[in-house]
Every structure is written in structure tokens, then in C-alpha cells.
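**Student:** This is the structure, below, for whatever I ask next.
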Amino acid sequence: MSALNLQEIPRVSKITKEAFIKDYFKPQKPVVIEGFIEDWPAYSKWSLDYMKGIAGDKTVPLYDDRPVDYKDGFNEPHATMKMSEYVDLLKREPTKYRIFLWNILKEIPELQNDFSYPDFGLKLMKGLPMLFFGGRDSHTFMHYDIDLANIFHFHFEGKKQCILFDQKQNDHLYKIPHSLITREDIDFSNPDLDKWPALKNAKGWECKLEHGDILYMPEGYWHYMKYLTPGFSMSLRAIARHPMRLGKALYNILIMRHFDNAMRRMKGQKWIDWKNEQAIIRTHGSSS
């Protein structure tokens, strides 16, 4: 357990659409749903070994926890590997390498036969089922998604720690301006609160996911994911419904991303360094 001010995300079993909308979507609160996908073929079939068998010859994009470099493009991978080699690596030793936003419909269309799109009362984007893989102790940076979508995160194999914050906590999180991440040198699983004192004021949520669990992350929620064991998850998403968050999503996609890329090209590493400094200055200014 980290020293952060976190409450446990509630867990429910086989929730109805009406209860989900009333208790979690409308108030925009996270929830872990258990036992909902036990009738999916994926529930019994999907494992690292199964993915190795069905996608072993596919070349996959890999990401690690190196700091953002001005030369990196948006979501540009740090390495590539055959899926069979990657699964072998996950099982053999801890690795920082993760697979991030891997579109299974595009890569392995037959995997679509193993799951269905659950009816939680939200219109899911059916072209975007994404897989995420990680090795023991690998983690994502604390971030939120560019489109501020409602996310349903289905976990398969292994255990994963998830820490969430809503957008109201932005002033306390050392958010990088013109970006979707916090300072990358903060270890959210065990933060140094002497170095990052504003985090004491942030109120968040925490859970641990196991095989078959679904985590609902409301619109624009910050999330940090740490793989406690090798494993993988699938995300399905529904567009942000709140007008303000929908407007922010459009701004991020149409303006912010392109502005940030242009500044990286013009100013190089100085732009990255300035943003990292501003994250501290702005957070301490708003938290004092």
C-alpha cells in the first residue's frame, strides 16, 4: 500500500445495466465488476500461452518507462519483438517492456470471436478493442487518455495494481502542461512525499485486478497500472458524454497534441525540460 490518500474501489458481482448507470456512470465513480465475463470463450482460453500460439509470429510494439524524449513521436514504440519472443521474455524474467494499445481486430481478427461487447448502457466503440501486456513490476506512467473516454478494462492472467484519480485532483498531481501525464519520476506505487508534497492532498482510488475482473474508469480519470505478475488486459471504450469533457477531448486531439509536437521540433529537449519544471512550479503554486 502506498502512502497516498487512496480508497478501495468498490467491487460488485454481475451488475445490471440500470444499476451501473445509476450508481457508477452518472456519478462518475469507478467500480470493479466480478463474474461478468465467465461465459466468454476468452475467460477460459485467453492466457499468455494462448496469445503466443495465436499471435506468435506477429511483430509487436514495445514500450518501457524511459522518460519522454523530444525526438519521440506521439506513442512511438521503444522496441519491437515477435509476440512469441515477448511472451517467453515475460515468463522468464522481469522486464520493463509493455505492449500498449495493440488493436486485436486489426492484428488477429479471429480473437473477436472470443468476446462480446457487454451492454452497460453505454455505446462502446467496436473498432477499438485494445490489448495491453506487461512483465512483473513494469508500469505505466500516471496518465489519462487523450479522448477522456469511459474505459472498461478487462484483466486476463496475473495480478495488476491500479491507482486512479479524477480530473479534480489535477492541481496536486504534478501534471505536465500540454500533455496527458504527470512527472515521470514519481513512483505512484511508493511515492516520496518529501519530494512531492502536493500528492498528500490528492484523493484517489486503488484496486488489484485478477483474471476476469473488469475495472470501469470514468471519463478522463488518471490511471497508473503496475503489473504485480506478468499478464495482460483488454480495454473497450465509450465516448465521453459530458459536454465539457467531450470539448476537452476534441481540444487534446485537434490542437494540444499538434502544438506539443511542433514545440518539440522547434525547441527540442528545452521544451521537455521547461514542461517538467512547470509541473512543479504550477503544482506547488496551486497547492500552497
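Simple scheme: letters A, B, ... for chains in C-alpha cells order, numbers from 1 for residues in each chain, numbers from 1 for ligands in the order shown.
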As a list in words, please: all residues of segment 136-262 of chain A that backbone DSSP puts in alpha helix (DSSP H).
**Tutor:**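 Restricting segment 136-262 of chain A to alpha helix (DSSP H) produces Pro243, Met244, Arg245, Leu246, Gly247, Lys248, Ala249, Leu250, Tyr251, Arg257, His258, Phe259, Asp260, Asn261 and Ala262 of chain A.
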**Student:** Set the distance at 10 Å and use only C-alpha atoms: which residues neighbour Tyr144 of chain A once local chain neighbours fewer than 4 positions away are removed? I'd like the list as number ranges by chain.
**Tutor:** A: 148-149, 164-167, 179-182, 219-224
**Student:** Enumerate, as a ChimeraX atom specification, the complete set of residues in segment 27-224 of chain A that a backbone-based DSSP assignment places in strand (DSSP E).
**Tutor:** /A:31-34,59-62,79-82,98-103,130-134,150-156,160-165,203-209,214-217,222-224
**Student:** Using only C-alpha atoms for the distances, tell me which of A:Asn201, A:Asn261, A:Ser189, A:Asn103 is nearest to Met142 of chain A.
**Tutor:**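 Of all the options, A:Ser189 lies closest to Met142 of chain A.
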**Student:** Would you list the contacts of Asp114 of chain A as a list in words, taking every protein, DNA or RNA residue within 8 Å and counting only C-alpha atoms, but skipping same-chain residues closer than 6 positions in sequence?
**Tutor:** Trp40, Pro41 and Ala42 of chain A
**Student:** Quick one, how far is atom CA of Leu173 of chain A from atom CA of Glu277 of chain A?
**Tutor:** 13.5 Å
**Student:** Would you work out the distance separating atom CA of Arg265 of chain A from atom CA of Asp171 of chain A, expressed in Å to one decimal?
**Tutor:** 28.0 Å
**Student:** Hey, could you make a per-residue contact list for segment 160-242 of chain A against segment 123-141 of chain A with 12 Å as the cut-off, showing the nearest pair of atoms and its distance in Å to one decimal, counting only C-alpha atoms, sorted by chain and number, as JSON lines?
**Tutor:**
```
{"residue": "A:Lys160", "atom": "CA", "partner": "A:Arg136", "partner_atom": "CA", "distance": 9.2}
{"residue": "A:Gln161", "atom": "CA", "partner": "A:His139", "partner_atom": "CA", "distance": 9.2}
{"residue": "A:Cys162", "atom": "CA", "partner": "A:His139", "partner_atom": "CA", "distance": 9.8}
{"residue": "A:Ile163", "atom": "CA", "partner": "A:Thr140", "partner_atom": "CA", "distance": 10.7}
{"residue": "A:Leu164", "atom": "CA", "partner": "A:Phe141", "partner_atom": "CA", "distance": 11.7}
{"residue": "A:Leu173", "atom": "CA", "partner": "A:Phe141", "partner_atom": "CA", "distance": 12.0}
{"residue": "A:Lys175", "atom": "CA", "partner": "A:Phe141", "partner_atom": "CA", "distance": 11.3}
{"residue": "A:Ile176", "atom": "CA", "partner": "A:Phe141", "partner_atom": "CA", "distance": 11.7}
{"residue": "A:Leu180", "atom": "CA", "partner": "A:Phe141", "partner_atom": "CA", "distance": 9.8}
{"residue": "A:Ile181", "atom": "CA", "partner": "A:Phe141", "partner_atom": "CA", "distance": 6.8}
{"residue": "A:Thr182", "atom": "CA", "partner": "A:Phe141", "partner_atom": "CA", "distance": 7.3}
{"residue": "A:Arg183", "atom": "CA", "partner": "A:Phe141", "partner_atom": "CA", "distance": 8.3}
{"residue": "A:Glu184", "atom": "CA", "partner": "A:Phe141", "partner_atom": "CA", "distance": 6.1}
{"residue": "A:Asp185", "atom": "CA", "partner": "A:Phe141", "partner_atom": "CA", "distance": 8.9}
{"residue": "A:Ile186", "atom": "CA", "partner": "A:Phe141", "partner_atom": "CA", "distance": 8.5}
{"residue": "A:Asp187", "atom": "CA", "partner": "A:Phe141", "partner_atom": "CA", "distance": 8.5}
{"residue": "A:Phe188", "atom": "CA", "partner": "A:Phe141", "partner_atom": "CA", "distance": 8.5}
{"residue": "A:Ser189", "atom": "CA", "partner": "A:His139", "partner_atom": "CA", "distance": 9.5}
{"residue": "A:Trp222", "atom": "CA", "partner": "A:Phe141", "partner_atom": "CA", "distance": 9.8}
{"residue": "A:His223", "atom": "CA", "partner": "A:Phe141", "partner_atom": "CA", "distance": 8.1}
{"residue": "A:Tyr224", "atom": "CA", "partner": "A:Thr140", "partner_atom": "CA", "distance": 5.7}
{"residue": "A:Met225", "atom": "CA", "partner": "A:Thr140", "partner_atom": "CA", "distance": 5.4}
{"residue": "A:Lys226", "atom": "CA", "partner": "A:His139", "partner_atom": "CA", "distance": 4.2}
{"residue": "A:Tyr227", "atom": "CA", "partner": "A:Asp137", "partner_atom": "CA", "distance": 5.3}
{"residue": "A:Leu228", "atom": "CA", "partner": "A:Arg136", "partner_atom": "CA", "distance": 5.3}
{"residue": "A:Thr229", "atom": "CA", "partner": "A:Arg136", "partner_atom": "CA", "distance": 4.4}
{"residue": "A:Pro230", "atom": "CA", "partner": "A:Gly135", "partner_atom": "CA", "distance": 4.3}
{"residue": "A:Gly231", "atom": "CA", "partner": "A:Gly134", "partner_atom": "CA", "distance": 5.8}
{"residue": "A:Phe232", "atom": "CA", "partner": "A:Phe133", "partner_atom": "CA", "distance": 4.2}
{"residue": "A:Ser233", "atom": "CA", "partner": "A:Phe132", "partner_atom": "CA", "distance": 5.2}
{"residue": "A:Met234", "atom": "CA", "partner": "A:Leu131", "partner_atom": "CA", "distance": 4.4}
{"residue": "A:Ser235", "atom": "CA", "partner": "A:Met130", "partner_atom": "CA", "distance": 5.3}
{"residue": "A:Leu236", "atom": "CA", "partner": "A:Pro129", "partner_atom": "CA", "distance": 5.2}
{"residue": "A:Arg237", "atom": "CA", "partner": "A:Leu124", "partner_atom": "CA", "distance": 5.5}
{"residue": "A:Ala238", "atom": "CA", "partner": "A:Leu124", "partner_atom": "CA", "distance": 4.5}
{"residue": "A:Ile239", "atom": "CA", "partner": "A:Met125", "partner_atom": "CA", "distance": 7.6}
{"residue": "A:Ala240", "atom": "CA", "partner": "A:Lys123", "partner_atom": "CA", "distance": 10.3}
{"residue": "A:Arg241", "atom": "CA", "partner": "A:Lys123", "partner_atom": "CA", "distance": 10.3}
```
**Student:** Could you name the residues that touch Lys203 of chain A at 10 Å or less, counting only C-alpha atoms, but leaving out those on the same chain fewer than 6 positions away, as a PyMOL selection string?
**Tutor:** chain A and resi 4-7+164-166+168-169+172
**Student:** For the interface of segment 82-173 of chain A with segment 48-59 of chain A (cut-off 12 Å, counting only C-alpha atoms), please tabulate each contacting residue of segment 82-173 of chain A alongside its nearest pair of atoms and their separation in Å to one decimal, rows sorted by chain and increasing number, as a tab-separated table.
**Tutor:**
```
residue	atom	partner	partner_atom	distance
A:Lys82	CA	A:Thr59	CA	4.4
A:Met83	CA	A:Gly56	CA	4.6
A:Ser84	CA	A:Gly56	CA	4.1
A:Glu85	CA	A:Gly56	CA	7.7
A:Tyr86	CA	A:Lys52	CA	8.5
A:Val87	CA	A:Lys52	CA	6.3
A:Asp88	CA	A:Lys52	CA	8.5
A:Leu89	CA	A:Leu48	CA	11.0
A:Leu90	CA	A:Leu48	CA	8.8
A:Lys91	CA	A:Leu48	CA	8.7
A:Ile99	CA	A:Thr59	CA	10.9
A:Trp102	CA	A:Thr59	CA	10.8
A:Ile104	CA	A:Ala55	CA	9.9
A:Lys106	CA	A:Lys58	CA	11.4
A:Glu107	CA	A:Lys58	CA	7.8
A:Ile108	CA	A:Ala55	CA	7.0
A:Pro109	CA	A:Ala55	CA	10.6
A:Glu110	CA	A:Ile54	CA	9.3
A:Leu111	CA	A:Ile54	CA	8.8
A:Asp114	CA	A:Tyr50	CA	12.0
A:Leu131	CA	A:Met51	CA	10.8
A:Phe132	CA	A:Leu48	CA	11.7
A:Phe133	CA	A:Leu48	CA	9.1
A:Gly134	CA	A:Leu48	CA	10.6
A:Gly135	CA	A:Leu48	CA	11.0
A:Phe156	CA	A:Leu48	CA	8.8
A:Glu157	CA	A:Leu48	CA	7.4
A:Gly158	CA	A:Leu48	CA	9.7
```
**Student:** When you count only C-alpha atoms, which of these residues is closest to His242 of chain A: A:Leu254, A:Gln28, A:Ala202, A:His78?
**Tutor:** A:Gln28
**Student:** Between A:Trp46, A:Tyr24, A:Tyr174, A:Phe100, which one has atoms that come closest to Gln112 of chain A, using only C-alpha atoms?
**Tutor:**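 Among A:Trp46, A:Tyr24, A:Tyr174, A:Phe100, it is A:Trp46 that comes nearest to Gln112 of chain A.
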**Student:** Would you pick out the contacts of Ile214 of chain A at 7 Å or less, using only C-alpha atoms, so that residues sharing its chain but fewer than 6 positions from it are not included, and give the list as a list in words?
**Tutor:**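 Returned residues: Val32, Ile33, Glu34, Phe152, His153, Phe154 and His155 of chain A.
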**Student:** Could you write out the selected residues, including N, CA, C and O atoms, as a PDB file, in the first residue's frame?
**Tutor:**
```
ATOM      1  N   VAL A  32     -15.107  -2.123  -9.733  1.00  0.00           N
ATOM      2  CA  VAL A  32     -14.604  -3.390 -10.266  1.00  0.00           C
ATOM      3  C   VAL A  32     -15.787  -4.357 -10.333  1.00  0.00           C
ATOM      4  O   VAL A  32     -16.483  -4.567  -9.335  1.00  0.00           O
ATOM      5  N   ILE A  33     -16.029  -4.909 -11.521  1.00  0.00           N
ATOM      6  CA  ILE A  33     -17.144  -5.826 -11.735  1.00  0.00           C
ATOM      7  C   ILE A  33     -16.586  -7.241 -11.847  1.00  0.00           C
ATOM      8  O   ILE A  33     -15.729  -7.511 -12.688  1.00  0.00           O
ATOM      9  N   GLU A  34     -17.071  -8.129 -10.994  1.00  0.00           N
ATOM     10  CA  GLU A  34     -16.592  -9.510 -10.961  1.00  0.00           C
ATOM     11  C   GLU A  34     -17.613 -10.441 -11.616  1.00  0.00           C
ATOM     12  O   GLU A  34     -18.817 -10.170 -11.594  1.00  0.00           O
ATOM     13  N   PHE A 152     -13.621   0.455 -20.018  1.00  0.00           N
ATOM     14  CA  PHE A 152     -13.851  -0.828 -19.343  1.00  0.00           C
ATOM     15  C   PHE A 152     -12.601  -1.672 -19.585  1.00  0.00           C
ATOM     16  O   PHE A 152     -12.281  -2.008 -20.719  1.00  0.00           O
ATOM     17  N   HIS A 153     -11.910  -2.002 -18.501  1.00  0.00           N
ATOM     18  CA  HIS A 153     -10.599  -2.655 -18.571  1.00  0.00           C
ATOM     19  C   HIS A 153     -10.748  -4.082 -18.053  1.00  0.00           C
ATOM     20  O   HIS A 153     -10.982  -4.307 -16.866  1.00  0.00           O
ATOM     21  N   PHE A 154     -10.659  -5.057 -18.971  1.00  0.00           N
ATOM     22  CA  PHE A 154     -10.877  -6.474 -18.663  1.00  0.00           C
ATOM     23  C   PHE A 154      -9.512  -7.129 -18.452  1.00  0.00           C
ATOM     24  O   PHE A 154      -8.686  -7.139 -19.367  1.00  0.00           O
ATOM     25  N   HIS A 155      -9.304  -7.722 -17.272  1.00  0.00           N
ATOM     26  CA  HIS A 155      -7.972  -8.260 -16.981  1.00  0.00           C
ATOM     27  C   HIS A 155      -7.924  -9.776 -17.169  1.00  0.00           C
ATOM     28  O   HIS A 155      -8.842 -10.493 -16.782  1.00  0.00           O
TER      29      HIS A 155
END
```
**Student:** Select, from A:Met217, A:Ala279, A:Ile146, A:Cys207, the residue with the minimum atom-to-atom distance to Ile253 of chain A, counting only C-alpha atoms.
**Tutor:**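 Distance minimum relative to Ile253 of chain A lands on A:Ile146.
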